[in-house]
Each structure stands twice: as C-alpha cells, then as structure tokens.
Amino acid sequence: MGDERVEFRAGRDDYGMARWVDGLVQEREQRGDELWVKVLPAFSASDGDARWVRQDEVRGAPGSA
C-alpha cells in the first residue's frame with residue numbers, strides 16, 4: 001500500500017458532526033461482503049495506533065490525488 005493517504009471517520013465531534021482524521025493505509029482485507037481498511041493515523045508514530053475501519057468510512061485525503 002505504501003503511502004496511500006486517506007481520511008477516515010473517527011467518531012463525532014461535540015456538535016454531532018463526523019470527525020475525519022488523516023491517515024495512511026497499511027492494508028486492506030475482505031470480510032464477508034465488506035472491504036475493511038487498516039489505517040494508521042497520520043499523527044501517530046506507533047503501528048499500535050492503527051485501526052480497522054470499513055471502506056465506506058474512508059475517503060481520499062485532500063491533495064492526495
């Protein structure tokens with residue numbers, strides 16, 4: 001995957017709006033009929049902070065085209 005930059009939905013803010021966080025894709029995995037993406041938050045220096053999110057909760061990061 002290399003340095004594929006994305007944004008992933010990481011909960012909601014105090015106003016109920018979706019909170020999007022910059023991250024780097026580490027891997028992708030098919031689970032049943034859904035695609036999951038393992039994303040490392042860009043602010044993190046530890047692979048332990050990576051998390052699995054559904055593909056529909058990931059979008060391309062601005063300027064990453």
# chains A, B, ... in the order shown; residues from 1 in each chain; ligands from 1
$ residues_around --residues "Trp36 of chain A" --least-positions-apart "3" --cutoff "9 Å" --atoms "only C-alpha atoms" --output "short mmCIF file (atom, residue, chain, number, x, y, z; two decimals) with C-alpha atoms, in the first residue's frame"
data_model
loop_
_atom_site.label_atom_id
_atom_site.label_comp_id
_atom_site.auth_asym_id
_atom_site.auth_seq_id
_atom_site.Cartn_x
_atom_site.Cartn_y
_atom_site.Cartn_z
CA GLU A 27 -3.58 -2.97 4.41
CA ARG A 28 -6.99 -3.97 3.06
CA GLU A 29 -8.99 -7.07 3.82
CA GLN A 30 -12.24 -8.56 2.54
CA ARG A 31 -14.52 -9.67 5.38
CA TRP A 52 -9.58 -1.27 11.08
CA VAL A 53 -12.43 0.71 9.51
CA ARG A 54 -14.97 -0.20 6.83
CA GLN A 55 -14.17 1.05 3.33
CA ASP A 56 -17.30 3.24 3.37
#
$ select_by_dssp --residues "chain A" --states "strand (DSSP E or B)" --output "compact mmCIF listing (two decimals) with C-alpha atoms, in the first residue's frame"
# COMPACT_ATOMS: atom_id res chain seq x y z
CA ARG A 5 -3.10 8.98 2.19
CA VAL A 6 -6.75 8.91 3.17
CA GLU A 7 -9.14 10.37 5.70
CA PHE A 8 -11.17 8.05 7.89
CA ARG A 9 -14.20 8.68 10.04
CA ALA A 10 -13.17 8.61 13.69
CA GLY A 11 -16.37 9.29 15.57
CA ARG A 12 -18.30 12.50 16.04
CA ALA A 18 -18.49 13.33 11.65
CA ARG A 19 -14.85 13.78 12.62
CA TRP A 20 -12.38 12.87 9.86
CA VAL A 21 -8.71 12.09 10.60
CA ASP A 22 -5.79 11.93 8.14
CA GLY A 23 -4.13 8.55 7.91
CA LEU A 24 -2.04 6.13 5.87
CA VAL A 25 -3.43 2.83 4.57
CA GLN A 26 -1.50 -0.16 5.89
CA GLU A 27 -3.58 -2.97 4.41
CA ARG A 28 -6.99 -3.97 3.06
CA GLU A 29 -8.99 -7.07 3.82
CA GLN A 30 -12.24 -8.56 2.54
CA ARG A 31 -14.52 -9.67 5.38
CA GLU A 34 -17.44 -5.78 3.09
CA LEU A 35 -13.97 -4.38 2.44
CA TRP A 36 -12.06 -3.23 5.55
CA VAL A 37 -9.04 -0.93 5.60
CA LYS A 38 -6.33 -0.80 8.28
CA VAL A 39 -5.39 2.87 8.71
CA LEU A 40 -2.60 4.43 10.75
CA PRO A 41 -3.48 7.97 11.92
CA ARG A 51 -7.29 0.67 13.38
CA TRP A 52 -9.58 -1.27 11.08
CA VAL A 53 -12.43 0.71 9.51
CA ARG A 54 -14.97 -0.20 6.83
CA VAL A 58 -12.65 6.08 4.26
CA ARG A 59 -12.25 8.83 1.67
CA GLY A 60 -9.34 10.22 -0.30
$ select_by_dssp --residues "chain A" --states "helix (DSSP H, G or I)" --output "list in words"
Asp47, Gly48, Asp49, Gln55, Asp56 and Glu57 of chain A
$ write_last_selection --atoms "all heavy atoms" --output "PDB file, in the first residue's frame"
ATOM      1  N   ASP A  47       2.707   1.841  15.163  1.00  0.00           N
ATOM      2  CA  ASP A  47       1.790   0.972  14.425  1.00  0.00           C
ATOM      3  C   ASP A  47       0.669   0.457  15.317  1.00  0.00           C
ATOM      4  O   ASP A  47      -0.372   0.033  14.825  1.00  0.00           O
ATOM      5  CB  ASP A  47       2.549  -0.207  13.824  1.00  0.00           C
ATOM      6  CG  ASP A  47       3.357   0.195  12.595  1.00  0.00           C
ATOM      7  OD1 ASP A  47       3.114   1.287  12.057  1.00  0.00           O
ATOM      8  OD2 ASP A  47       4.221  -0.589  12.183  1.00  0.00           O
ATOM      9  N   GLY A  48       0.864   0.499  16.618  1.00  0.00           N
ATOM     10  CA  GLY A  48      -0.163   0.055  17.552  1.00  0.00           C
ATOM     11  C   GLY A  48      -1.410   0.928  17.523  1.00  0.00           C
ATOM     12  O   GLY A  48      -2.463   0.529  18.013  1.00  0.00           O
ATOM     13  N   ASP A  49      -1.314   2.126  16.951  1.00  0.00           N
ATOM     14  CA  ASP A  49      -2.458   3.034  16.867  1.00  0.00           C
ATOM     15  C   ASP A  49      -3.307   2.792  15.627  1.00  0.00           C
ATOM     16  O   ASP A  49      -4.346   3.425  15.457  1.00  0.00           O
ATOM     17  CB  ASP A  49      -1.987   4.487  16.866  1.00  0.00           C
ATOM     18  CG  ASP A  49      -1.408   4.909  18.204  1.00  0.00           C
ATOM     19  OD1 ASP A  49      -1.796   4.325  19.234  1.00  0.00           O
ATOM     20  OD2 ASP A  49      -0.567   5.817  18.214  1.00  0.00           O
ATOM     21  N   GLN A  55     -14.532   0.240   4.495  1.00  0.00           N
ATOM     22  CA  GLN A  55     -14.175   1.048   3.331  1.00  0.00           C
ATOM     23  C   GLN A  55     -15.097   2.255   3.178  1.00  0.00           C
ATOM     24  O   GLN A  55     -14.654   3.324   2.769  1.00  0.00           O
ATOM     25  CB  GLN A  55     -14.220   0.189   2.060  1.00  0.00           C
ATOM     26  CG  GLN A  55     -13.956   0.957   0.780  1.00  0.00           C
ATOM     27  CD  GLN A  55     -12.551   1.486   0.670  1.00  0.00           C
ATOM     28  OE1 GLN A  55     -11.602   0.777   0.982  1.00  0.00           O
ATOM     29  NE2 GLN A  55     -12.400   2.719   0.242  1.00  0.00           N
ATOM     30  N   ASP A  56     -16.377   2.111   3.535  1.00  0.00           N
ATOM     31  CA  ASP A  56     -17.303   3.236   3.374  1.00  0.00           C
ATOM     32  C   ASP A  56     -17.063   4.341   4.396  1.00  0.00           C
ATOM     33  O   ASP A  56     -17.711   5.388   4.352  1.00  0.00           O
ATOM     34  CB  ASP A  56     -18.754   2.764   3.379  1.00  0.00           C
ATOM     35  CG  ASP A  56     -19.212   2.152   4.684  1.00  0.00           C
ATOM     36  OD1 ASP A  56     -18.385   1.972   5.606  1.00  0.00           O
ATOM     37  OD2 ASP A  56     -20.408   1.837   4.806  1.00  0.00           O
ATOM     38  N   GLU A  57     -16.123   4.163   5.338  1.00  0.00           N
ATOM     39  CA  GLU A  57     -15.753   5.185   6.309  1.00  0.00           C
ATOM     40  C   GLU A  57     -14.392   5.786   5.974  1.00  0.00           C
ATOM     41  O   GLU A  57     -13.755   6.431   6.805  1.00  0.00           O
ATOM     42  CB  GLU A  57     -15.747   4.604   7.720  1.00  0.00           C
ATOM     43  CG  GLU A  57     -17.123   4.178   8.181  1.00  0.00           C
ATOM     44  CD  GLU A  57     -17.130   3.576   9.572  1.00  0.00           C
ATOM     45  OE1 GLU A  57     -16.067   3.191  10.065  1.00  0.00           O
ATOM     46  OE2 GLU A  57     -18.224   3.515  10.149  1.00  0.00           O
TER      47      GLU A  57
END
